[in-house]
file target-v7.csv (CSV, C-alpha atoms and all ligand atoms)
chain,number,residue,atom,x,y,z
A,23,PRO,CA,38.9,202.7,110.1
A,24,GLU,CA,38.8,200.6,113.2
A,25,ASP,CA,35.2,199.7,114.1
A,26,ILE,CA,33.9,201.2,117.2
A,27,ARG,CA,30.4,200.9,118.6
A,28,VAL,CA,28.3,203.9,119.9
A,29,TYR,CA,28.6,202.9,123.6
A,30,GLU,CA,32.4,202.2,123.2
A,31,PHE,CA,32.9,205.6,121.8
A,32,ALA,CA,30.8,207.2,124.5
A,33,GLU,CA,32.9,205.4,127.2
A,34,ALA,CA,36.1,206.4,125.5
A,35,CYS,CA,35.3,210.0,125.7
A,36,GLY,CA,33.5,210.1,129.0
A,37,LYS,CA,30.0,210.7,127.6
A,38,SER,CA,26.9,208.7,128.0
A,39,ALA,CA,25.6,206.7,125.0
A,40,ALA,CA,22.5,208.8,125.2
A,41,GLU,CA,24.4,212.0,124.6
A,42,VAL,CA,26.1,210.4,121.5
A,43,ILE,CA,22.8,209.2,120.2
A,44,THR,CA,21.2,212.6,120.7
A,45,VAL,CA,23.8,214.3,118.7
A,46,LEU,CA,23.5,211.9,115.8
A,47,PHE,CA,19.7,211.8,116.0
A,48,GLY,CA,19.7,215.6,115.7
A,49,LEU,CA,21.4,215.1,112.4
A,50,GLY,CA,19.0,212.6,111.1
A,51,MET,CA,21.3,209.7,111.8
A,52,MET,CA,19.4,206.9,113.6
A,53,VAL,CA,21.7,204.8,115.7
A,54,THR,CA,21.4,202.6,118.7
A,55,LYS,CA,24.1,202.1,121.3
A,56,ASN,CA,25.3,198.8,119.7
A,57,ASP,CA,25.7,200.2,116.2
A,58,PHE,CA,29.1,200.8,114.7
A,59,LEU,CA,30.0,204.4,114.0
A,60,LYS,CA,30.8,205.4,110.5
A,61,GLN,CA,33.7,207.7,109.7
A,62,ASP,CA,31.7,210.8,109.1
A,63,GLU,CA,29.7,210.2,112.3
A,64,LEU,CA,33.0,210.0,114.2
A,65,GLU,CA,34.1,213.3,112.7
A,66,ILE,CA,30.9,215.0,113.6
A,67,LEU,CA,31.0,213.7,117.1
A,68,GLY,CA,34.6,214.7,117.5
A,69,GLU,CA,33.7,218.3,116.6
A,70,GLU,CA,30.6,218.3,118.7
A,71,PHE,CA,32.5,217.1,121.8
A,72,GLY,CA,35.6,219.1,121.1
A,73,ILE,CA,37.8,216.0,121.0
A,74,GLU,CA,40.3,214.8,118.4
A,75,VAL,CA,39.1,211.7,116.6
A,76,THR,CA,41.9,210.0,114.8
A,77,VAL,CA,40.7,207.9,112.0
A,78,LYS,CA,43.3,205.1,111.2
A,79,ASP,CA,42.6,205.0,107.5
A,80,ALA,CA,43.4,208.7,107.2
A,81,LEU,CA,44.4,208.6,103.6
A,82,GLU,CA,40.8,208.2,102.6
A,83,ASP,CA,39.7,211.2,104.6
A,84,ALA,CA,39.3,214.4,102.6
A,85,ASN,CA,40.4,216.4,105.7
A,86,TYR,CA,43.8,214.8,105.8
A,87,VAL,CA,44.6,215.2,102.1
A,88,GLU,CA,46.6,218.3,102.4
A,89,GLU,CA,48.6,217.1,105.4
A,90,TYR,CA,49.2,213.8,103.7
A,91,GLN,CA,50.6,215.6,100.6
A,92,GLU,CA,52.7,217.8,102.8
A,93,GLU,CA,54.4,214.7,104.3
A,94,GLU,CA,55.0,213.4,100.8
A,95,ILE,CA,57.0,216.4,99.8
A,96,ASP,CA,60.5,215.3,98.8
A,97,ASP,CA,63.1,218.0,99.2
A,98,SER,CA,65.5,216.6,96.7
A,99,ASN,CA,63.8,218.7,94.0
A,100,PHE,CA,63.8,221.9,96.0
A,101,VAL,CA,64.7,225.0,94.1
A,102,THR,CA,64.8,228.7,95.2
A,103,ARG,CA,61.5,230.3,94.7
A,104,PRO,CA,60.6,234.0,94.4
A,105,PRO,CA,59.4,235.9,97.5
A,106,VAL,CA,55.8,236.8,98.0
A,107,VAL,CA,55.6,240.4,99.3
A,108,THR,CA,52.5,241.9,100.9
A,109,ILE,CA,52.1,245.6,101.0
A,110,MET,CA,50.3,247.1,103.9
A,111,GLY,CA,49.7,250.5,105.3
A,112,HIS,CA,47.3,253.3,106.2
A,113,VAL,CA,44.7,254.3,103.6
A,114,ASP,CA,46.0,256.8,101.0
A,115,HIS,CA,49.6,256.4,102.0
A,116,GLY,CA,50.2,255.1,98.5
A,117,LYS,CA,50.2,251.3,98.5
A,118,THR,CA,48.4,250.9,95.1
A,119,SER,CA,50.4,253.8,93.5
A,120,LEU,CA,53.6,252.2,94.6
A,121,LEU,CA,52.7,248.8,93.2
A,122,ASP,CA,51.6,250.6,90.0
A,123,LYS,CA,54.9,252.3,89.7
A,124,ILE,CA,56.7,249.1,90.2
A,125,ARG,CA,54.8,247.5,87.4
A,126,GLU,CA,54.7,250.7,85.4
A,127,SER,CA,51.0,250.2,84.9
A,128,LYS,CA,48.0,252.2,86.0
A,129,VAL,CA,45.7,250.2,88.2
A,130,ALA,CA,44.9,252.9,90.6
A,131,ALA,CA,43.5,255.2,87.9
A,132,GLY,CA,41.0,252.5,87.0
A,133,GLU,CA,39.9,251.7,90.5
A,134,ALA,CA,36.6,253.0,91.7
A,135,GLY,CA,37.3,256.1,93.7
A,136,GLY,CA,41.0,255.3,93.8
A,137,ILE,CA,40.4,252.8,96.7
A,138,THR,CA,41.5,249.2,96.4
A,139,GLN,CA,38.4,247.1,96.3
A,140,HIS,CA,40.0,243.7,96.5
A,141,ILE,CA,43.2,242.0,97.3
A,142,SER,CA,45.2,241.8,94.0
A,143,SER,CA,48.5,240.3,93.1
A,144,TYR,CA,51.2,240.8,90.5
A,145,THR,CA,54.5,239.2,89.6
A,146,VAL,CA,57.2,241.5,88.5
A,147,GLU,CA,60.9,241.0,87.5
A,148,LYS,CA,63.9,242.8,88.8
A,149,ASP,CA,67.3,241.9,87.4
A,150,GLY,CA,65.9,238.6,86.1
A,151,GLN,CA,64.5,237.7,89.5
A,152,LYS,CA,60.8,237.4,90.1
A,153,ILE,CA,58.9,239.0,93.0
A,154,THR,CA,55.2,238.6,93.6
A,155,PHE,CA,53.4,241.5,95.3
A,156,VAL,CA,50.0,241.4,97.0
A,157,ASP,CA,48.1,244.6,97.4
A,158,THR,CA,45.7,244.4,100.3
A,159,PRO,CA,42.8,246.6,101.1
A,160,GLY,CA,43.5,246.2,104.7
A,161,HIS,CA,45.0,244.1,107.4
A,162,ALA,CA,41.6,242.3,108.0
A,163,ALA,CA,41.9,240.5,104.7
A,164,PHE,CA,45.5,239.7,105.6
A,165,SER,CA,44.6,238.2,109.0
A,166,GLU,CA,41.7,236.3,107.5
A,167,MET,CA,44.0,234.6,105.0
A,168,ARG,CA,46.4,233.7,107.7
A,169,SER,CA,43.7,232.3,109.8
A,170,ARG,CA,42.5,230.1,106.9
A,171,GLY,CA,46.0,228.7,106.7
A,172,ALA,CA,47.0,230.5,103.4
A,173,ASP,CA,50.1,231.9,104.9
A,174,ILE,CA,51.5,233.2,101.6
A,175,THR,CA,53.5,236.2,102.7
A,176,ASP,CA,57.2,236.0,103.0
A,177,ILE,CA,58.0,239.7,103.4
A,178,ILE,CA,55.9,242.6,104.5
A,179,ILE,CA,56.3,246.1,103.3
A,180,ILE,CA,54.7,248.7,105.5
A,181,VAL,CA,54.0,251.9,103.5
A,182,VAL,CA,54.1,255.1,105.6
A,183,ALA,CA,53.5,258.4,103.8
A,184,ALA,CA,56.5,260.6,104.8
A,185,ASP,CA,54.4,263.7,105.0
A,186,ASP,CA,51.7,262.1,107.2
A,187,GLY,CA,53.6,259.7,109.5
A,188,VAL,CA,52.3,256.8,111.6
A,189,LYS,CA,48.5,256.7,111.6
A,190,GLN,CA,45.9,254.5,113.2
A,191,GLN,CA,45.9,251.8,110.5
A,192,THR,CA,49.7,251.9,110.4
A,193,GLU,CA,49.6,251.0,114.1
A,194,GLU,CA,47.3,248.1,113.4
A,195,VAL,CA,49.4,246.9,110.5
A,196,ILE,CA,52.5,247.0,112.6
A,197,SER,CA,51.0,244.6,115.2
A,198,HIS,CA,49.7,242.2,112.4
A,199,ALA,CA,53.0,242.3,110.7
A,200,LYS,CA,54.9,241.6,113.9
A,201,ALA,CA,52.6,238.7,114.7
A,202,SER,CA,53.2,237.1,111.3
A,203,GLY,CA,56.9,236.8,112.1
A,204,CYS,CA,57.8,237.9,108.5
A,205,PRO,CA,60.7,240.3,107.9
A,206,ILE,CA,59.4,243.9,107.6
A,207,ILE,CA,60.6,246.7,105.3
A,208,VAL,CA,59.3,250.2,105.9
A,209,ALA,CA,58.7,252.2,102.7
A,210,MET,CA,58.5,255.9,103.5
A,211,ASN,CA,56.5,257.0,100.5
A,212,LYS,CA,55.8,260.5,99.0
A,213,ILE,CA,59.4,261.7,99.7
A,214,ASP,CA,58.9,263.9,96.6
A,215,LYS,CA,56.6,266.1,98.7
A,216,GLU,CA,57.7,269.3,100.3
A,217,ALA,CA,56.3,268.3,103.6
A,218,ALA,CA,58.0,264.9,103.6
A,219,ASN,CA,59.8,264.2,106.9
A,220,PRO,CA,61.6,260.8,106.9
A,221,ASP,CA,63.1,261.4,110.3
A,222,MET,CA,59.7,261.9,111.8
A,223,VAL,CA,58.6,258.5,110.4
A,224,LYS,CA,61.7,256.8,111.7
A,225,ALA,CA,61.2,258.3,115.1
A,226,GLN,CA,57.6,257.3,115.2
A,227,MET,CA,58.4,253.8,114.1
A,228,ALA,CA,61.3,253.5,116.5
A,229,GLU,CA,58.9,254.3,119.3
A,230,ARG,CA,57.0,251.1,118.2
A,231,ASP,CA,60.1,248.9,118.4
A,232,MET,CA,60.9,249.2,114.7
A,233,THR,CA,64.2,251.0,114.9
A,234,PRO,CA,65.9,251.8,111.6
A,235,VAL,CA,69.2,250.1,110.7
A,236,ASP,CA,70.9,253.4,110.4
A,237,TRP,CA,69.9,254.2,114.0
A,238,GLY,CA,71.3,250.9,115.2
A,239,GLY,CA,68.2,248.9,114.8
A,240,GLU,CA,67.1,246.0,112.6
A,241,THR,CA,64.5,247.4,110.3
A,242,GLU,CA,65.2,248.7,106.8
A,243,PHE,CA,63.7,252.1,106.0
A,244,ILE,CA,63.6,253.1,102.3
A,245,GLY,CA,62.5,256.5,101.1
A,246,VAL,CA,60.4,256.1,97.9
A,247,SER,CA,58.1,258.1,95.7
A,248,ALA,CA,55.4,256.3,93.8
A,249,LEU,CA,55.1,259.6,91.8
A,250,THR,CA,58.7,259.9,90.5
A,251,GLY,CA,59.9,256.4,91.0
A,252,GLU,CA,62.7,257.5,93.3
A,253,GLY,CA,63.9,254.7,95.7
A,254,ILE,CA,62.0,251.9,94.0
A,255,ASP,CA,65.1,250.1,92.8
A,256,ASP,CA,66.5,250.3,96.3
A,257,LEU,CA,63.2,248.8,97.6
A,258,LEU,CA,63.3,245.9,95.1
A,259,GLU,CA,67.0,245.2,95.8
A,260,ASN,CA,66.2,245.1,99.5
A,261,ILE,CA,63.4,242.7,99.0
A,262,LEU,CA,65.7,240.4,97.0
A,263,LEU,CA,68.3,240.6,99.7
A,264,GLN,CA,65.8,239.7,102.4
A,265,SER,CA,64.5,236.9,100.2
A,266,GLU,CA,68.0,235.5,99.9
A,267,ILE,CA,68.4,235.4,103.7
A,268,LEU,CA,65.0,233.6,104.0
A,269,GLU,CA,66.2,230.8,101.6
A,270,LEU,CA,62.8,230.3,100.2
A,271,LYS,CA,62.5,226.9,98.6
A,272,ALA,CA,59.9,224.7,97.0
A,273,ASP,CA,59.5,221.8,94.6
A,274,PRO,CA,58.4,222.7,91.0
A,275,GLU,CA,57.7,219.0,90.3
A,276,ALA,CA,55.4,218.5,93.2
A,277,LYS,CA,51.6,218.3,92.9
A,278,ALA,CA,50.7,221.9,92.7
A,279,LYS,CA,49.3,223.8,95.7
A,280,ALA,CA,48.1,227.4,95.3
A,281,ALA,CA,46.5,229.9,97.7
A,282,VAL,CA,43.4,231.7,96.6
A,283,VAL,CA,43.9,235.5,97.1
A,284,GLU,CA,40.7,236.5,95.4
A,285,ALA,CA,37.8,234.8,93.6
A,286,SER,CA,34.6,236.0,91.8
A,287,LEU,CA,32.1,235.1,89.2
A,288,GLU,CA,33.0,236.7,85.9
A,289,LYS,CA,30.4,237.2,83.2
A,290,GLY,CA,30.8,234.7,80.4
A,291,ARG,CA,33.7,233.0,82.2
A,292,GLY,CA,32.3,231.5,85.3
A,293,PRO,CA,34.1,231.3,88.6
A,294,VAL,CA,37.6,232.7,88.5
A,295,ALA,CA,40.2,232.5,91.2
A,296,THR,CA,43.4,234.5,91.5
A,297,VAL,CA,46.0,232.3,93.1
A,298,ILE,CA,49.6,232.3,94.2
A,299,VAL,CA,51.4,229.0,93.7
A,300,GLN,CA,53.0,227.7,96.9
A,301,ASN,CA,54.4,224.5,95.6
A,302,GLY,CA,54.6,222.6,92.3
A,303,THR,CA,53.5,224.0,88.9
A,304,LEU,CA,49.8,224.6,88.2
A,305,LYS,CA,49.0,223.6,84.6
A,306,VAL,CA,46.0,223.9,82.2
A,307,GLY,CA,44.2,220.6,82.3
A,308,ASP,CA,45.0,219.9,86.0
A,309,ASN,CA,42.2,218.4,88.2
A,310,ILE,CA,41.8,220.7,91.1
A,311,VAL,CA,40.0,220.8,94.4
A,312,CYS,CA,39.7,224.0,96.4
A,313,ASP,CA,37.9,223.8,99.7
A,314,THR,CA,34.4,222.6,98.7
A,315,THR,CA,34.8,223.5,95.0
A,316,TYR,CA,36.4,221.5,92.3
A,317,GLY,CA,37.0,221.3,88.5
A,318,ARG,CA,39.6,221.2,85.8
A,319,VAL,CA,41.9,224.1,85.0
A,320,LYS,CA,40.4,225.3,81.7
A,321,ALA,CA,42.6,228.4,81.3
A,322,ILE,CA,45.2,230.4,83.2
A,323,THR,CA,45.8,234.1,82.6
A,324,ASP,CA,48.7,236.0,84.0
A,325,ASP,CA,48.5,239.3,85.8
A,326,ASN,CA,48.2,241.2,82.5
A,327,GLY,CA,45.2,239.0,81.4
A,328,LYS,CA,47.4,237.1,78.9
A,329,PRO,CA,46.6,233.4,78.5
A,330,ILE,CA,49.4,231.2,79.7
A,331,LYS,CA,49.9,227.4,80.0
A,332,GLU,CA,51.2,227.1,83.5
A,333,LEU,CA,52.0,229.0,86.7
A,334,GLY,CA,55.3,228.4,88.5
A,335,LEU,CA,56.5,228.7,92.1
A,336,SER,CA,55.3,231.9,93.8
A,337,GLU,CA,53.7,233.2,90.6
A,338,THR,CA,50.3,234.6,90.4
A,339,GLY,CA,47.5,234.3,87.9
A,340,THR,CA,43.8,233.7,87.4
A,341,VAL,CA,42.4,230.2,87.1
A,342,LEU,CA,39.3,229.3,85.2
A,343,GLY,CA,37.5,226.0,85.6
A,344,LEU,CA,36.1,225.6,89.1
A,345,ASN,CA,32.5,224.7,89.5
A,346,ASP,CA,31.9,227.4,92.1
A,347,ILE,CA,33.5,230.4,93.7
A,348,PRO,CA,36.0,229.3,96.4
A,349,VAL,CA,36.6,231.4,99.5
A,350,SER,CA,39.6,233.7,99.7
A,351,GLY,CA,42.4,232.1,101.6
A,352,SER,CA,41.5,228.5,100.7
A,353,VAL,CA,44.1,226.3,99.1
A,354,MET,CA,43.8,224.8,95.7
A,355,VAL,CA,45.3,221.3,95.4
A,356,VAL,CA,45.9,219.3,92.3
A,357,GLN,CA,44.5,215.7,92.3
A,358,ASP,CA,45.2,212.7,90.1
A,359,SER,CA,41.8,212.4,88.7
A,360,ASP,CA,38.6,214.5,88.3
A,361,LYS,CA,36.8,211.9,90.4
A,362,GLU,CA,39.2,212.3,93.3
A,363,ALA,CA,38.8,216.1,93.1
A,364,ARG,CA,35.0,215.9,93.0
A,365,ASP,CA,34.9,213.3,95.8
A,366,ILE,CA,37.0,215.4,98.1
A,367,ALA,CA,35.0,218.6,97.4
A,368,THR,CA,31.7,216.8,97.9
A,369,LYS,CA,32.8,215.2,101.1
A,370,ARG,CA,33.9,218.5,102.5
A,371,ALA,CA,30.7,220.2,101.4
A,372,GLU,CA,28.7,217.4,103.2
A,373,HIS,CA,30.8,217.7,106.2
A,374,ALA,CA,30.4,221.5,106.3
A,375,ARG,CA,26.6,221.1,106.0
A,376,ALA,CA,26.5,218.5,108.7
A,377,LYS,CA,28.5,220.9,110.9
A,378,GLU,CA,26.1,223.7,110.3
A,379,LEU,CA,23.1,221.5,110.9
A,380,SER,CA,24.6,220.2,114.1
A,381,LYS,CA,25.1,223.8,115.3
A,382,SER,CA,21.5,224.7,114.6
A,383,THR,CA,20.2,221.5,116.1
A,384,LYS,CA,22.1,222.2,119.3
A,385,VAL,CA,20.7,225.7,119.5
A,386,SER,CA,17.1,224.5,119.0
A,387,LEU,CA,17.5,221.7,121.6
A,388,GLU,CA,18.8,224.3,124.1
A,389,GLU,CA,16.0,226.6,123.2
A,390,MET,CA,13.5,223.8,123.6
A,391,SER,CA,14.8,222.8,127.0
A,392,GLY,CA,14.5,226.5,128.0
A,393,LEU,CA,10.9,226.4,127.1
A,394,ILE,CA,10.1,223.2,128.9
B,1,LIG,P1,46.5,253.5,99.1
B,1,LIG,O1,45.1,253.8,99.7
B,1,LIG,O2,47.5,253.3,100.1
B,1,LIG,O3,46.5,252.4,98.1
B,1,LIG,O4,47.0,254.9,98.4
B,1,LIG,P2,46.9,255.3,96.8
B,1,LIG,O5,48.0,254.6,96.0
B,1,LIG,O6,45.5,255.2,96.3
B,1,LIG,O7,47.4,256.8,96.9
B,1,LIG,C1,46.6,257.8,97.6
B,1,LIG,C2,46.9,259.1,97.0
B,1,LIG,O8,48.3,259.5,97.2
B,1,LIG,C3,46.7,259.2,95.5
B,1,LIG,O9,46.1,260.5,95.2
B,1,LIG,C4,48.1,259.2,95.0
B,1,LIG,O10,48.2,259.9,93.7
B,1,LIG,C5,48.9,259.9,96.0
B,1,LIG,N1,50.3,259.4,96.1
B,1,LIG,C6,50.7,258.1,96.2
B,1,LIG,N2,52.0,258.0,96.2
B,1,LIG,C7,52.5,259.2,96.1
B,1,LIG,C8,53.8,259.8,96.1
B,1,LIG,O11,54.9,259.1,96.2
B,1,LIG,N3,53.9,261.1,95.9
B,1,LIG,C9,52.9,261.9,95.8
B,1,LIG,N4,53.1,263.2,95.7
B,1,LIG,N5,51.6,261.5,95.9
B,1,LIG,C10,51.4,260.1,96.0
B,2,MG,MG,45.1,251.0,97.4

call {"tool": "encode", "arguments": {"input": "target-v7.csv", "output": "structure tokens"}}
result
Amino acid sequence: PEDIRVYEFAEACGKSAAEVITVLFGLGMMVTKNDFLKQDELEILGEEFGIEVTVKDALEDANYVEEYQEEEIDDSNFVTRPPVVTIMGHVDHGKTSLLDKIRESKVAAGEAGGITQHISSYTVEKDGQKITFVDTPGHAAFSEMRSRGADITDIIIIVVAADDGVKQQTEEVISHAKASGCPIIVAMNKIDKEAANPDMVKAQMAERDMTPVDWGGETEFIGVSALTGEGIDDLLENILLQSEILELKADPEAKAKAAVVEASLEKGRGPVATVIVQNGTLKVGDNIVCDTTYGRVKAITDDNGKPIKELGLSETGTVLGLNDIPVSGSVMVVQDSDKEARDIATKRAEHARAKELSKSTKVSLEEMSGLI
């Protein structure tokens, strides 16, 4: 990094040297106006004053690692990758049941009270092509993941029970889905029911700017039943069609990058993270960093709990080997060495602590001045 003194930095951003010194002093960093600022101090000051501090030697900065790797991606190895599909909709409209029917398994029966407790993901195959599904307990988790930068969803399925129609959470989901810019498919579920009324669903959705293709609009509506399995093939074919249009591509040879959709502490196993691979291939033995956590991939299990050696593009599985539980929505990145992984994680943790501390220091200074 280019050396810069406290007073020079203050001048450059229109602050007094005293202001700069006060911020650092509050964090236990003793500086005078002629001292050179260290990189971490610059970062903290940048955040404190709401200005962008560009550190010239960016490659050494943990916060630039992901961006740097992104630039390094070479598209000559790009191959088509499977789509990642997020299922959203009003509670009890049949999201989990639909996913179960697709995998022909019985997750809903095992869930406490039949309500999805966590985001979960599964990879299925249709005509030899893979599709990864993400079941969400609500749009809040979806938006949180987006805000953390784990923009994993390629296609959104909005499930609307055909006997119940558009409900409050359907409305909320529509606006989140539209904001994401992803193609949307409407699955009108429970068409096996006597009271099912697909035309009512279409009319209600059309009122919300989601006009069905067969009404001259752009949105695909597919009648399905998670009970009988009717329409599910149609739905999967439609997903593959949309996916083709999107031309989803990534590099299986790149350093792996995977988004964490769920993480927890499992008895006897330690921290486990359910991930979806966004680029590269995640392998057992890889050194990984994930936000402020790090480790080496000890084991990977697929969505059926079966041990596997690696996870490919858009595939989902559970990773064992992190030193702590990462936050959902954080991105796991493979590093060349365990030292690198640890250093980045440690640096981020320190930075996060300093940021917290700087917040509380600011509050207490303000409180103090209020008292004086
Ligand atoms: P979620 O909250 O959206 O995940 O909904 P669930 O999958 O838990 O389903 C809610 C209820 O609707 C359960 O009792 C399911 O058995 C029932 N259900 C879901 N899909 C269908 C369907 O296609 N037909 C019928 N008749 N019932 C369904
Ligand atoms: Mg559910």

call {"tool": "residues_near_ligand", "arguments": {"input": "target-v7.csv", "ligand": "ligand LIG 1 (chain B)", "cutoff": "7 Å", "atoms": "all atoms listed in the file", "output": "list in words"}}
result
Gly111, His112, Val113, Asp114, His115, Gly116, Lys117, Thr118, Ser119, Leu120, Ala130, Gly136, Ile137, Thr138, Asn211, Lys212, Ile213, Asp214, Lys215, Val246, Ser247, Ala248, Leu249 and Thr250 of chain A

call {"tool": "residues_around", "arguments": {"input": "target-v7.csv", "residues": "A:Glu242", "least_positions_apart": "3", "cutoff": "8 Å", "atoms": "all atoms listed in the file", "output": "list in words"}}
result
Ile206, Ile207, Val208, Pro234 and Val235 of chain A

call {"tool": "closest_residue", "arguments": {"input": "target-v7.csv", "among": "A:Phe47, A:Phe31, A:Tyr316, A:Tyr144", "to": "A:Phe71", "atoms": "all atoms listed in the file"}}
result
A:Phe31

call {"tool": "closest_residue", "arguments": {"input": "target-v7.csv", "among": "A:Ile366, A:Leu287, A:Ile124, A:Met354", "to": "A:Gly251", "atoms": "all atoms listed in the file"}}
result
A:Ile124

call {"tool": "atom_distance", "arguments": {"input": "target-v7.csv", "atom1": "atom CA of A:Lys279", "atom2": "atom CA of A:Gly343"}}
result
15.7 Å

call {"tool": "closest_residue", "arguments": {"input": "target-v7.csv", "among": "A:Thr44, A:Gln226, A:Ser98, A:Ser142", "to": "ligand MG 2 (chain B)", "atoms": "all atoms listed in the file"}}
result
A:Ser142

call {"tool": "closest_residue", "arguments": {"input": "target-v7.csv", "among": "A:Ala39, A:Met110, A:Met52, A:Val356", "to": "ligand MG 2 (chain B)", "atoms": "only C-alpha atoms and all ligand atoms"}}
result
A:Met110

call {"tool": "atom_distance", "arguments": {"input": "target-v7.csv", "atom1": "atom CA of A:Val319", "atom2": "atom CA of A:Val341"}}
result
6.5 Å

call {"tool": "residues_near_point", "arguments": {"input": "target-v7.csv", "point": "(59.8, 252.1, 109.1)", "cutoff": "12 Å", "atoms": "all atoms listed in the file", "output": "ChimeraX atom specification"}}
result
/A:110-111,178-184,187-188,192-193,195-196,205-211,220-237,239-246

call {"tool": "residues_around", "arguments": {"input": "target-v7.csv", "residues": "A:Leu67", "least_positions_apart": "3", "cutoff": "12 Å", "atoms": "only C-alpha atoms", "output": "PyMOL selection string"}}
result
chain A and resi 28+31-32+35+37+39+41-49+51+59-64+70-76+373+376-377+380-381

call {"tool": "write_last_selection", "arguments": {"input": "target-v7.csv", "atoms": "C-alpha atoms", "output": "PDB file, keeping the file's coordinate frame"}}
result
ATOM      1  CA  VAL A  28      28.300 203.900 119.900  1.00  0.00           C
ATOM      2  CA  PHE A  31      32.900 205.600 121.800  1.00  0.00           C
ATOM      3  CA  ALA A  32      30.800 207.200 124.500  1.00  0.00           C
ATOM      4  CA  CYS A  35      35.300 210.000 125.700  1.00  0.00           C
ATOM      5  CA  LYS A  37      30.000 210.700 127.600  1.00  0.00           C
ATOM      6  CA  ALA A  39      25.600 206.700 125.000  1.00  0.00           C
ATOM      7  CA  GLU A  41      24.400 212.000 124.600  1.00  0.00           C
ATOM      8  CA  VAL A  42      26.100 210.400 121.500  1.00  0.00           C
ATOM      9  CA  ILE A  43      22.800 209.200 120.200  1.00  0.00           C
ATOM     10  CA  THR A  44      21.200 212.600 120.700  1.00  0.00           C
ATOM     11  CA  VAL A  45      23.800 214.300 118.700  1.00  0.00           C
ATOM     12  CA  LEU A  46      23.500 211.900 115.800  1.00  0.00           C
ATOM     13  CA  PHE A  47      19.700 211.800 116.000  1.00  0.00           C
ATOM     14  CA  GLY A  48      19.700 215.600 115.700  1.00  0.00           C
ATOM     15  CA  LEU A  49      21.400 215.100 112.400  1.00  0.00           C
ATOM     16  CA  MET A  51      21.300 209.700 111.800  1.00  0.00           C
ATOM     17  CA  LEU A  59      30.000 204.400 114.000  1.00  0.00           C
ATOM     18  CA  LYS A  60      30.800 205.400 110.500  1.00  0.00           C
ATOM     19  CA  GLN A  61      33.700 207.700 109.700  1.00  0.00           C
ATOM     20  CA  ASP A  62      31.700 210.800 109.100  1.00  0.00           C
ATOM     21  CA  GLU A  63      29.700 210.200 112.300  1.00  0.00           C
ATOM     22  CA  LEU A  64      33.000 210.000 114.200  1.00  0.00           C
ATOM     23  CA  GLU A  70      30.600 218.300 118.700  1.00  0.00           C
ATOM     24  CA  PHE A  71      32.500 217.100 121.800  1.00  0.00           C
ATOM     25  CA  GLY A  72      35.600 219.100 121.100  1.00  0.00           C
ATOM     26  CA  ILE A  73      37.800 216.000 121.000  1.00  0.00           C
ATOM     27  CA  GLU A  74      40.300 214.800 118.400  1.00  0.00           C
ATOM     28  CA  VAL A  75      39.100 211.700 116.600  1.00  0.00           C
ATOM     29  CA  THR A  76      41.900 210.000 114.800  1.00  0.00           C
ATOM     30  CA  HIS A 373      30.800 217.700 106.200  1.00  0.00           C
ATOM     31  CA  ALA A 376      26.500 218.500 108.700  1.00  0.00           C
ATOM     32  CA  LYS A 377      28.500 220.900 110.900  1.00  0.00           C
ATOM     33  CA  SER A 380      24.600 220.200 114.100  1.00  0.00           C
ATOM     34  CA  LYS A 381      25.100 223.800 115.300  1.00  0.00           C
TER      35      LYS A 381
END

call {"tool": "residues_around", "arguments": {"input": "target-v7.csv", "residues": "A:Ala280", "least_positions_apart": "2", "cutoff": "6 Å", "atoms": "only C-alpha atoms", "output": "list in words"}}
result
Val297, Ile298, Val299, Gln300, Val353 and Met354 of chain A

call {"tool": "closest_residue", "arguments": {"input": "target-v7.csv", "among": "A:Asn260, A:Ser202, A:Thr158, A:Asn219", "to": "A:Asp185", "atoms": "only C-alpha atoms"}}
result
A:Asn219

call {"tool": "build_atoms", "arguments": {"input": "target-v7.csv", "residues": "stretch 277-284 of chain A", "atoms": "N, CA and C atoms", "output": "PDB file, keeping the file's coordinate frame"}}
result
ATOM      1  N   LYS A 277      53.043 217.993  93.260  1.00  0.00           N
ATOM      2  CA  LYS A 277      51.600 218.300  92.900  1.00  0.00           C
ATOM      3  C   LYS A 277      51.353 219.698  93.354  1.00  0.00           C
ATOM      4  N   ALA A 278      50.790 220.461  92.444  1.00  0.00           N
ATOM      5  CA  ALA A 278      50.700 221.900  92.700  1.00  0.00           C
ATOM      6  C   ALA A 278      49.689 222.205  93.837  1.00  0.00           C
ATOM      7  N   LYS A 279      50.052 223.242  94.584  1.00  0.00           N
ATOM      8  CA  LYS A 279      49.300 223.800  95.700  1.00  0.00           C
ATOM      9  C   LYS A 279      49.300 225.281  95.536  1.00  0.00           C
ATOM     10  N   ALA A 280      48.134 225.918  95.537  1.00  0.00           N
ATOM     11  CA  ALA A 280      48.100 227.400  95.300  1.00  0.00           C
ATOM     12  C   ALA A 280      47.090 228.018  96.244  1.00  0.00           C
ATOM     13  N   ALA A 281      47.438 229.162  96.799  1.00  0.00           N
ATOM     14  CA  ALA A 281      46.500 229.900  97.700  1.00  0.00           C
ATOM     15  C   ALA A 281      45.647 230.826  96.903  1.00  0.00           C
ATOM     16  N   VAL A 282      44.361 230.843  97.250  1.00  0.00           N
ATOM     17  CA  VAL A 282      43.400 231.700  96.600  1.00  0.00           C
ATOM     18  C   VAL A 282      43.465 233.105  97.264  1.00  0.00           C
ATOM     19  N   VAL A 283      43.839 234.144  96.518  1.00  0.00           N
ATOM     20  CA  VAL A 283      43.900 235.500  97.100  1.00  0.00           C
ATOM     21  C   VAL A 283      42.579 236.247  96.829  1.00  0.00           C
ATOM     22  N   GLU A 284      41.878 235.809  95.814  1.00  0.00           N
ATOM     23  CA  GLU A 284      40.700 236.500  95.400  1.00  0.00           C
ATOM     24  C   GLU A 284      39.879 235.616  94.466  1.00  0.00           C
TER      25      GLU A 284
END
